[in-house]
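Read through the structure below, which is laid out as structure tokens, and then see the notes.
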Amino acid sequence: MNPITEEWFDRAKEDLDVALEIISKEHLTNMVAFHSQQAVEKTLKGIIEEFEIGFVKTHNLERLLGMVLKQMSLDLDLNIIKRLDEVYISTRYPGDLGLLPSGKPTIQDAKELFDFADALYHDVKNLLEQSTEKGLEDNKSNDVKD
């Protein structure tokens with residue numbers, strides 16, 4: 001992976017780490033939802049960076065996912081993507097930080113959003129690392145042939 005991609009993934013991991021630390025605290029479920037949204041956004045932006053799709057100044061996960069799906073296949077629950085988008089949109093007002101349209105997420109909601117973000121992060125990171133390793137192996141075999 002290129003260095004900027006790695007930075008995006010490092011920041012996504014930090015969001016996941018924060019969410020994991022507070023996931024069982026009922027009064028912080030909104031923050032788990034918020035950090036889960038941030039982890040997904042940063043993971044998608046990491047993919048965009050890795051494939052050199054271009055600079056994107058948006059927080060809309062559906063839009064980011066649309067860009068990513070042109071480069072790699074991901075089997076994701078679009079309903080969760082939409083829910084995470086709703087979490088971000090509502091954060092523009094301090095009292096609404098990390099809320100779903102139905103209000104503060106339950107612990108079950110928070111865990112579902114976290115699990116989605118965590119799985120996406122790990123699946124994509126593994127795919128990109130494997131791709132990088134394969135590319136290095138291909139380069140080594142080409143060097144031997146030359």
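Each chain in the structure tokens gets a letter, A, B and so on, in the order shown; residues start at 1 in every chain, and ligands are counted from 1 in the order they appear.
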For A:Ile81, work out the shell of residues within 12 Å, counting only C-alpha atoms and skipping chain neighbours fewer than 3 positions away, then give it as an MDAnalysis selection string. chainID A and resid 33 36:41 44 59:66 75:78 84:88 112:114 116:117 120
Secondary structure check, helix (DSSP H, G or I) residues of chain A, as a ChimeraX atom specification: /A:3-22,26-50,61-68,78-92,94-96,107-145
For atom CA of A:Glu50 and atom CA of A:Met67, the interatomic separation in Å (one decimal):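 Going from atom CA of A:Glu50 over to atom CA of A:Met67, I get 12.3 Å.
When atom CA of A:Lys25 is paired with atom CA of A:Leu99, their separation reads 15.2 Å.
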Computed interatomic separation between atom CA of A:Ala110 and atom CA of A:Thr29 (Å): 5.6 Å
Which residue gives the smallest distance to A:Ile53 among A:His27, A:Lys70, A:His35, A:Lys104, with only C-alpha atoms counted?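 Of all the options, A:Lys70 lies closest to A:Ile53.
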Pick out the closest residue to A:Leu20 from this set: A:Ala119, A:Glu7, A:Asn2, A:Val32. Count only C-alpha atoms.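 Comparing A:Ala119, A:Glu7, A:Asn2, A:Val32 against A:Leu20, the winner is A:Val32.
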